[in-house]
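Text of model-v3.tsv (TSV, C-alpha atoms and all ligand atoms) as supplied:
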chain	number	residue	atom	x	y	z
F	1229	MET	CA	47.76	-30.66	53.31
F	1230	LYS	CA	47.58	-29.76	49.63
F	1231	LYS	CA	44.54	-27.76	48.54
F	1232	ILE	CA	42.81	-27.65	45.19
F	1233	ILE	CA	40.64	-25.30	43.14
F	1234	VAL	CA	37.12	-26.47	42.41
F	1235	ALA	CA	35.75	-24.61	39.38
F	1236	ILE	CA	32.04	-24.81	38.52
F	1237	ASP	CA	30.57	-23.36	35.33
F	1238	GLY	CA	27.07	-23.55	33.96
F	1239	TYR	CA	23.83	-21.84	33.03
F	1240	SER	CA	21.94	-19.48	35.33
F	1241	GLY	CA	19.71	-21.22	37.84
F	1242	CYS	CA	21.23	-24.72	37.71
F	1243	GLY	CA	22.12	-24.65	41.38
F	1244	LYS	CA	25.79	-23.78	40.86
F	1245	SER	CA	26.01	-21.35	43.76
F	1246	THR	CA	24.15	-23.56	46.20
F	1247	THR	CA	26.34	-26.52	45.28
F	1248	ALA	CA	29.54	-24.47	45.38
F	1249	LYS	CA	28.69	-23.02	48.81
F	1250	LEU	CA	27.97	-26.44	50.33
F	1251	VAL	CA	31.06	-28.00	48.78
F	1252	ALA	CA	33.21	-25.17	50.15
F	1253	GLU	CA	31.66	-25.61	53.60
F	1254	LYS	CA	32.34	-29.34	53.64
F	1255	LEU	CA	35.95	-28.98	52.42
F	1256	ASN	CA	36.53	-25.97	54.66
F	1257	TYR	CA	37.36	-23.94	51.57
F	1258	VAL	CA	36.46	-20.36	50.62
F	1259	TYR	CA	33.45	-19.95	48.32
F	1260	ILE	CA	33.66	-17.24	45.68
F	1261	ASP	CA	30.61	-16.26	43.67
F	1262	SER	CA	32.03	-14.72	40.48
F	1263	GLY	CA	28.52	-13.88	39.23
F	1264	ALA	CA	28.09	-11.64	42.29
F	1265	MET	CA	31.09	-9.62	41.10
F	1266	TYR	CA	29.49	-8.98	37.69
F	1267	ARG	CA	26.23	-8.18	39.47
F	1268	ALA	CA	28.01	-5.69	41.76
F	1269	VAL	CA	29.53	-3.92	38.75
F	1270	THR	CA	26.10	-3.87	37.08
F	1271	LEU	CA	24.51	-2.33	40.17
F	1272	PHE	CA	27.18	0.39	40.26
F	1273	PHE	CA	26.70	1.07	36.53
F	1274	LEU	CA	22.91	1.29	36.97
F	1275	ARG	CA	23.14	3.58	39.98
F	1276	HIS	CA	25.58	5.90	38.24
F	1277	GLU	CA	24.01	5.60	34.78
F	1278	VAL	CA	27.30	4.58	33.20
F	1279	PRO	CA	26.94	4.47	29.39
F	1280	LEU	CA	27.92	0.92	28.41
F	1281	ASP	CA	29.12	2.01	24.97
F	1282	SER	CA	31.69	4.45	26.35
F	1283	THR	CA	34.99	2.67	27.09
F	1284	GLU	CA	36.23	5.76	28.87
F	1285	ALA	CA	33.21	5.93	31.17
F	1286	VAL	CA	33.39	2.18	31.86
F	1287	LYS	CA	37.09	2.39	32.74
F	1288	LYS	CA	36.50	5.38	35.01
F	1289	ALA	CA	33.63	3.60	36.78
F	1290	LEU	CA	35.70	0.43	37.23
F	1291	SER	CA	38.46	2.46	38.86
F	1292	LEU	CA	35.91	3.59	41.48
F	1293	ILE	CA	34.69	0.10	42.34
F	1294	ASP	CA	35.92	-2.00	45.23
F	1295	ILE	CA	34.34	-5.46	45.56
F	1296	ARG	CA	34.85	-7.66	48.60
F	1297	PHE	CA	33.25	-10.67	50.23
F	1298	GLU	CA	32.74	-10.65	53.98
F	1299	TYR	CA	31.38	-13.28	56.29
F	1300	ASN	CA	28.29	-12.17	58.20
F	1301	PRO	CA	28.39	-13.87	61.64
F	1302	TYR	CA	24.64	-13.23	62.15
F	1303	THR	CA	23.42	-14.86	58.94
F	1304	HIS	CA	26.41	-17.25	58.73
F	1305	LYS	CA	26.73	-16.28	55.07
F	1306	SER	CA	29.33	-14.57	52.94
F	1307	GLU	CA	28.03	-11.24	51.62
F	1308	THR	CA	29.09	-9.14	48.65
F	1309	TYR	CA	30.26	-5.61	49.43
F	1310	LEU	CA	30.46	-2.77	46.94
F	1311	ASN	CA	32.59	0.12	48.20
F	1312	GLY	CA	31.93	-0.87	51.79
F	1313	GLU	CA	28.16	-1.39	51.44
F	1314	SER	CA	26.53	-4.82	51.63
F	1315	ILE	CA	24.63	-5.26	48.38
F	1316	GLU	CA	23.94	-8.97	48.70
F	1317	GLU	CA	20.15	-8.57	48.47
F	1318	GLU	CA	20.03	-5.83	45.86
F	1319	ILE	CA	22.22	-7.62	43.30
F	1320	ARG	CA	19.75	-10.56	43.17
F	1321	MET	CA	16.82	-8.36	42.11
F	1322	MET	CA	15.42	-8.51	38.58
F	1323	ALA	CA	16.62	-4.98	37.75
F	1324	VAL	CA	20.20	-6.25	38.04
F	1325	SER	CA	19.50	-9.68	36.47
F	1326	ASP	CA	18.04	-7.92	33.44
F	1327	ARG	CA	21.25	-6.01	32.72
F	1328	VAL	CA	24.07	-8.17	34.07
F	1329	SER	CA	24.76	-10.15	30.91
F	1330	GLU	CA	25.08	-6.94	28.89
F	1331	VAL	CA	27.56	-5.55	31.40
F	1332	SER	CA	29.56	-8.77	31.66
F	1333	LYS	CA	30.13	-8.78	27.88
F	1334	ILE	CA	32.30	-5.68	28.14
F	1335	HIS	CA	36.01	-6.40	27.70
F	1336	GLU	CA	37.21	-3.98	30.39
F	1337	VAL	CA	34.72	-5.40	32.90
F	1338	ARG	CA	35.84	-8.98	32.24
F	1339	GLU	CA	39.50	-8.04	32.42
F	1340	ALA	CA	39.05	-6.40	35.84
F	1341	MET	CA	36.89	-9.20	37.28
F	1342	VAL	CA	39.12	-12.04	36.01
F	1343	ALA	CA	42.18	-10.35	37.55
F	1344	LEU	CA	40.35	-10.10	40.88
F	1345	GLN	CA	39.16	-13.73	40.69
F	1346	GLN	CA	42.66	-15.02	39.91
F	1347	LYS	CA	44.06	-13.02	42.81
F	1348	LEU	CA	41.50	-14.57	45.17
F	1349	GLY	CA	42.58	-18.04	44.00
F	1350	THR	CA	46.33	-17.75	44.44
F	1351	GLN	CA	46.31	-19.70	47.71
F	1352	LYS	CA	43.99	-22.42	46.28
F	1353	GLY	CA	41.46	-23.89	48.74
F	1354	ILE	CA	38.60	-22.21	46.91
F	1355	VAL	CA	35.36	-23.17	45.18
F	1356	MET	CA	34.39	-20.65	42.50
F	1357	ASP	CA	31.33	-20.73	40.27
F	1358	GLY	CA	30.54	-18.77	37.11
F	1359	ARG	CA	30.61	-18.99	33.33
F	1360	ASP	CA	34.31	-19.02	32.39
F	1361	ILE	CA	35.98	-20.33	35.52
F	1362	CYS	CA	36.99	-23.71	34.04
F	1363	THR	CA	37.80	-22.34	30.59
F	1364	HIS	CA	39.46	-19.03	31.34
F	1365	VAL	CA	39.92	-18.00	34.97
F	1366	PHE	CA	41.38	-21.29	36.26
F	1367	PRO	CA	42.05	-23.50	33.22
F	1368	HIS	CA	44.33	-25.64	35.43
F	1369	ALA	CA	41.81	-26.16	38.23
F	1370	GLU	CA	42.13	-29.66	39.66
F	1371	LEU	CA	38.36	-30.22	39.51
F	1372	LYS	CA	36.10	-28.75	36.83
F	1373	ILE	CA	32.33	-29.19	36.78
F	1374	PHE	CA	29.87	-28.07	34.10
F	1375	MET	CA	26.28	-27.80	35.34
F	1376	GLU	CA	23.10	-27.73	33.30
F	1377	ALA	CA	19.37	-28.29	33.88
F	1378	ASP	CA	16.02	-28.07	32.14
F	1379	ILE	CA	14.98	-24.42	31.62
F	1380	TYR	CA	11.56	-24.84	33.30
F	1381	ILE	CA	13.14	-26.35	36.38
F	1382	ARG	CA	15.71	-23.56	36.46
F	1383	ALA	CA	12.93	-20.96	36.17
F	1384	GLU	CA	10.88	-22.53	38.95
F	1385	ARG	CA	13.89	-22.55	41.26
F	1386	ARG	CA	14.70	-18.92	40.47
F	1387	GLN	CA	11.05	-17.92	41.03
F	1388	ALA	CA	11.04	-19.55	44.46
F	1389	GLU	CA	14.31	-17.78	45.38
F	1390	LEU	CA	12.89	-14.40	44.35
F	1391	LEU	CA	9.63	-15.05	46.17
F	1392	ALA	CA	11.53	-15.88	49.35
F	1393	LYS	CA	13.07	-12.41	49.04
F	1394	GLY	CA	9.67	-10.77	48.51
F	1395	GLU	CA	9.80	-10.35	44.73
F	1396	ASP	CA	6.86	-12.02	42.96
F	1397	VAL	CA	7.85	-12.47	39.30
F	1398	PRO	CA	5.74	-14.37	36.72
F	1399	ILE	CA	7.37	-17.58	35.48
F	1400	SER	CA	7.21	-16.35	31.86
F	1401	ASP	CA	9.34	-13.30	32.75
F	1402	ILE	CA	11.90	-15.52	34.44
F	1403	ILE	CA	12.07	-17.92	31.49
F	1404	HIS	CA	12.49	-14.96	29.16
F	1405	ASN	CA	15.29	-13.53	31.34
F	1406	LEU	CA	17.08	-16.92	31.54
F	1407	GLN	CA	16.84	-17.46	27.78
F	1408	LYS	CA	18.12	-13.97	27.07
F	1409	ARG	CA	21.02	-14.43	29.48
F	1410	ASP	CA	21.86	-17.91	28.13
F	1411	HIS	CA	21.99	-16.44	24.66
F	1412	ILE	CA	24.23	-13.52	25.61
F	1413	ASP	CA	26.46	-15.65	27.87
F	1414	THR	CA	27.03	-18.35	25.24
F	1415	SER	CA	27.40	-16.11	22.19
F	1416	ARG	CA	29.51	-13.25	23.50
F	1417	ALA	CA	32.92	-12.76	21.86
F	1418	GLU	CA	34.98	-12.92	25.03
F	1419	SER	CA	35.13	-16.13	27.10
F	1420	PRO	CA	31.62	-17.33	26.27
F	1421	LEU	CA	29.98	-19.95	28.45
F	1422	ARG	CA	30.94	-23.40	27.20
F	1423	LYS	CA	31.94	-26.67	28.75
F	1424	ALA	CA	35.70	-27.05	29.20
F	1425	GLU	CA	36.88	-30.22	27.46
F	1426	ASP	CA	38.00	-31.80	30.71
F	1427	ALA	CA	35.00	-30.66	32.79
F	1428	ILE	CA	32.65	-33.24	34.28
F	1429	GLU	CA	29.02	-32.73	33.24
F	1430	LEU	CA	26.38	-32.54	35.93
F	1431	ASP	CA	22.70	-32.29	34.99
F	1432	SER	CA	20.78	-31.13	38.05
F	1433	SER	CA	17.25	-31.40	36.56
F	1434	ASN	CA	16.22	-34.51	38.42
F	1435	ILE	CA	18.50	-34.71	41.41
F	1436	THR	CA	18.39	-33.00	44.78
F	1437	ILE	CA	20.82	-30.38	46.04
F	1438	GLU	CA	22.11	-32.98	48.51
F	1439	GLU	CA	22.81	-35.46	45.71
F	1440	GLN	CA	24.59	-33.00	43.45
F	1441	THR	CA	26.63	-31.66	46.35
F	1442	ALA	CA	27.60	-35.15	47.54
F	1443	TYR	CA	28.72	-36.01	44.01
F	1444	VAL	CA	31.04	-32.98	43.73
F	1445	ILE	CA	32.40	-33.48	47.27
F	1446	GLU	CA	33.25	-37.10	46.51
F	1447	LEU	CA	35.11	-36.10	43.35
F	1448	ALA	CA	36.99	-33.34	45.18
F	1449	GLN	CA	37.94	-35.58	48.10
F	1450	LYS	CA	39.32	-38.23	45.76
F	1451	ILE	CA	41.50	-35.64	44.01
F	1452	ILE	CA	42.69	-34.16	47.31
F	1453	GLN	CA	43.54	-37.63	48.67
F	1454	HIS	CA	45.40	-38.52	45.52
F	1455	LEU	CA	47.38	-35.26	45.57
F	1456	ASN	CA	48.35	-35.67	49.21
F	1457	LEU	CA	49.32	-39.31	48.73
F	1458	SER	CA	51.56	-38.33	45.80
F	1459	LYS	CA	53.06	-35.59	47.94
F	1460	VAL	CA	53.87	-38.05	50.76
F	1461	LEU	CA	55.45	-40.49	48.29
F	1462	ASN	CA	57.48	-37.75	46.61
F	1463	ASP	CA	58.63	-36.30	49.93
F	1464	LYS	CA	59.98	-39.66	51.14
F	1465	THR	CA	63.73	-39.74	50.77
F	1466	PRO	CA	64.99	-42.97	49.21
F	1467	VAL	CA	66.35	-45.48	51.75
F	1468	CYS	CA	69.33	-46.42	49.63
F	1501	LIG	O1	25.78	-16.70	38.27
F	1501	LIG	P1	24.87	-15.45	38.11
F	1501	LIG	O2	23.57	-15.73	37.47
F	1501	LIG	O3	24.76	-14.67	39.36
F	1501	LIG	O4	25.71	-14.52	37.07
F	1501	LIG	C1	25.21	-13.30	36.62
F	1501	LIG	C2	25.74	-12.97	35.23
F	1501	LIG	O5	27.13	-12.68	35.32
F	1501	LIG	C3	25.59	-14.04	34.18
F	1501	LIG	O6	24.42	-13.86	33.43
F	1501	LIG	C4	26.80	-13.85	33.30
F	1501	LIG	C5	27.80	-13.14	34.15
F	1501	LIG	N1	28.93	-13.95	34.56
F	1501	LIG	C6	29.99	-14.05	33.67
F	1501	LIG	O7	29.93	-13.52	32.58
F	1501	LIG	N2	31.10	-14.73	34.04
F	1501	LIG	C7	31.18	-15.35	35.23
F	1501	LIG	N3	32.30	-16.00	35.57
F	1501	LIG	C8	30.09	-15.27	36.14
F	1501	LIG	C9	28.96	-14.58	35.76

Same coordinates, now as structure tokens:
Amino acid sequence: MKKIIVAIDGYSGCGKSTTAKLVAEKLNYVYIDSGAMYRAVTLFFLRHEVPLDSTEAVKKALSLIDIRFEYNPYTHKSETYLNGESIEEEIRMMAVSDRVSEVSKIHEVREAMVALQQKLGTQKGIVMDGRDICTHVFPHAELKIFMEADIYIRAERRQAELLAKGEDVPISDIIHNLQKRDHIDTSRAESPLRKAEDAIELDSSNITIEEQTAYVIELAQKIIQHLNLSKVLNDKTPVC
């Protein structure tokens, strides 16, 4: 059975991760949260007070970082590990969100993370979400989705997520953080967030998670079916 890569890009808080996770589950694929990788690097840089303007210090720090994803059988979720420590909760906190776009602008950081992401995708059968997955990491992905949503809706969703984790953040702070990150993510010099020409647009402002997930799954299943049908036809040896 041929497998594909599903690449999902879009703004923060559009429901990319939730959609990607559910799509991966349904297809029995591996979900990879590329944003978590940039968040893990940011957490390491914050903890070790790495000066972002020193290429030498950044390179040294990157050489000390090992990022992995492991499935937690108790929570039934994949968790991000930084040098053997689960940091899944900590990387979602505002302290990391506030700095992650600055860190992910750095050339050496992007180079290291993109190499890791491409390595994770060599066997296909993955769903990866981020900012440059369709445009840069997997420009030949079989299915590319670009997600967007109204900023107030995005902020409300992010606020609810943070509250569920015990962090009560005013909506104005969240809007400010999202706007700042959108600006940095779309205007940075290296692989800025933009819609790939062949990506399918998905506005999640007024649809449910179930609807957006069902839409992506249907698209993916059609592509997988088509690929496997072509494979069967190509594999058939001519009768005469
Ligand atoms: O998806 P997220 O909000 O967890 O991502 C956190 C930050 O990481 C985001 O503001 C920009 C950066 N990022 C990136 O530059 N490239 C990616 N492929 C994924 C995330």

Contacts to ligand LIG 1501 (chain F) at 9 Å cut-off (all atoms listed in the file) as JSON, numbers by chain: {"F": [1237, 1238, 1239, 1240, 1241, 1244, 1245, 1261, 1262, 1263, 1264, 1265, 1266, 1267, 1319, 1320, 1324, 1325, 1326, 1327, 1328, 1329, 1330, 1331, 1332, 1333, 1338, 1341, 1342, 1345, 1356, 1357, 1358, 1359, 1360, 1361, 1364, 1365, 1406, 1408, 1409, 1410, 1412, 1413, 1419, 1420, 1421]}

Using all atoms listed in the file, what does the table of segment 1404-1431 of chain F residues within 12 Å of segment 1374-1387 of chain F look like, with each row giving the shortest atom pair and its distance in Å to one decimal, sorted by chain and ascending number, as a tab-separated table?
residue	atom	partner	partner_atom	distance
F:His1404	CA	F:Ala1383	CA	9.2
F:Asn1405	CA	F:Ala1383	CA	9.2
F:Leu1406	CA	F:Ala1383	CA	7.4
F:Gln1407	CA	F:Ile1379	CA	8.2
F:Lys1408	CA	F:Ile1379	CA	11.8
F:Arg1409	CA	F:Ile1379	CA	11.9
F:Asp1410	CA	F:Ile1379	CA	10.1
F:Leu1421	CA	F:Phe1374	CA	9.9
F:Arg1422	CA	F:Phe1374	CA	8.4
F:Lys1423	CA	F:Phe1374	CA	5.9
F:Ala1424	CA	F:Phe1374	CA	7.7
F:Glu1425	CA	F:Phe1374	CA	9.9
F:Asp1426	CA	F:Phe1374	CA	9.6
F:Ala1427	CA	F:Phe1374	CA	5.9
F:Ile1428	CA	F:Phe1374	CA	5.9
F:Glu1429	CA	F:Phe1374	CA	4.8
F:Leu1430	CA	F:Met1375	CA	4.8
F:Asp1431	CA	F:Glu1376	CA	4.9

Spatial neighbours of Lys1230 of chain F, max dist 9 Å, only C-alpha atoms, sep filter under 6 positions, as a list of chain:residue names: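 Skipping anything fewer than 6 positions along the chain leaves F:Lys1352, F:Gly1353, F:Ile1452, F:Gln1453, F:Leu1455, F:Asn1456, F:Lys1459.
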
Expected file contents, prior selection, C-alpha atoms, as a compact mmCIF listing (two decimals), in the coordinates of the input:
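Contents of part29.txt, as written:
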# COMPACT_ATOMS: atom_id res chain seq x y z
CA LYS F 1352 43.99 -22.42 46.28
CA GLY F 1353 41.46 -23.89 48.74
CA ILE F 1452 42.69 -34.16 47.31
CA GLN F 1453 43.54 -37.63 48.67
CA LEU F 1455 47.38 -35.26 45.57
CA ASN F 1456 48.35 -35.67 49.21
CA LYS F 1459 53.06 -35.59 47.94

Between atom CA of Pro1279 of chain F and atom CA of Ser1291 of chain F, distance in Å (one decimal): 15.0 Å

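We find atom CA of Pro1301 of chain F and atom CA of Gln1440 of chain F to be spaced 26.7 Å apart.
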
Two-atom distance - atom CA of Ala1448 of chain F, atom CA of Val1234 of chain F (Å): 7.4 Å

Test item: which residues lie within 12 Å of (32.1, -15.7, 58.6) counting only C-alpha atoms, as a PyMOL selection string: chain F and resi 1253+1256+1258-1259+1297-1307

For the selection you just gave me, I'd like the residues written to a file as a PDB file, keeping the file's coordinate frame, keeping C-alpha atoms.
ATOM      1  CA  GLU F1253      31.660 -25.610  53.600  1.00  0.00           C
ATOM      2  CA  ASN F1256      36.530 -25.970  54.660  1.00  0.00           C
ATOM      3  CA  VAL F1258      36.460 -20.360  50.620  1.00  0.00           C
ATOM      4  CA  TYR F1259      33.450 -19.950  48.320  1.00  0.00           C
ATOM      5  CA  PHE F1297      33.250 -10.670  50.230  1.00  0.00           C
ATOM      6  CA  GLU F1298      32.740 -10.650  53.980  1.00  0.00           C
ATOM      7  CA  TYR F1299      31.380 -13.280  56.290  1.00  0.00           C
ATOM      8  CA  ASN F1300      28.290 -12.170  58.200  1.00  0.00           C
ATOM      9  CA  PRO F1301      28.390 -13.870  61.640  1.00  0.00           C
ATOM     10  CA  TYR F1302      24.640 -13.230  62.150  1.00  0.00           C
ATOM     11  CA  THR F1303      23.420 -14.860  58.940  1.00  0.00           C
ATOM     12  CA  HIS F1304      26.410 -17.250  58.730  1.00  0.00           C
ATOM     13  CA  LYS F1305      26.730 -16.280  55.070  1.00  0.00           C
ATOM     14  CA  SER F1306      29.330 -14.570  52.940  1.00  0.00           C
ATOM     15  CA  GLU F1307      28.030 -11.240  51.620  1.00  0.00           C
TER      16      GLU F1307
END

Contacts of Lys1372 of chain F within 6 Å, all atoms listed in the file, excl. fewer than 5 positions in-chain, as a ChimeraX atom specification: /F:1235-1236,1362,1427

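Across F:Lys1450, F:His1335, F:Lys1231, F:His1411, the tightest approach to Ser1282 of chain F is made by F:His1335 when counting all atoms listed in the file.
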
Shell of 10 Å around Gln1351 of chain F, all atoms listed in the file, local chain residues under 4 positions omitted, as an MDAnalysis selection string: chainID F and resid 1231:1233 1346:1347

Could those selected residues go to a file with C-alpha atoms, as an mmCIF file, in the frame of the given file?
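Result saved to again_2.cif:
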data_model
loop_
_atom_site.group_PDB
_atom_site.id
_atom_site.type_symbol
_atom_site.label_atom_id
_atom_site.label_comp_id
_atom_site.auth_asym_id
_atom_site.auth_seq_id
_atom_site.Cartn_x
_atom_site.Cartn_y
_atom_site.Cartn_z
ATOM 1 C CA LYS F 1231 44.540 -27.760 48.540
ATOM 2 C CA ILE F 1232 42.810 -27.650 45.190
ATOM 3 C CA ILE F 1233 40.640 -25.300 43.140
ATOM 4 C CA GLN F 1346 42.660 -15.020 39.910
ATOM 5 C CA LYS F 1347 44.060 -13.020 42.810
#

Let me have the centre and edge lengths of the axis-aligned box enclosing all listed atoms of segment 1315-1326 of chain F with 5 Å padding on every side, in Å to one decimal, as lines of an AutoDock Vina configuration file.
center_x = 20.0
center_y = -7.8
center_z = 41.1
size_x = 19.2
size_y = 15.6
size_z = 25.3

Neighbour list for Lys1287 of chain F as a VMD selection string, cut-off 12 Å, all atoms listed in the file, skip fewer than 2 positions in-chain: chain F and resid 1269 1273 1278 to 1285 1289 to 1293 1334 to 1340
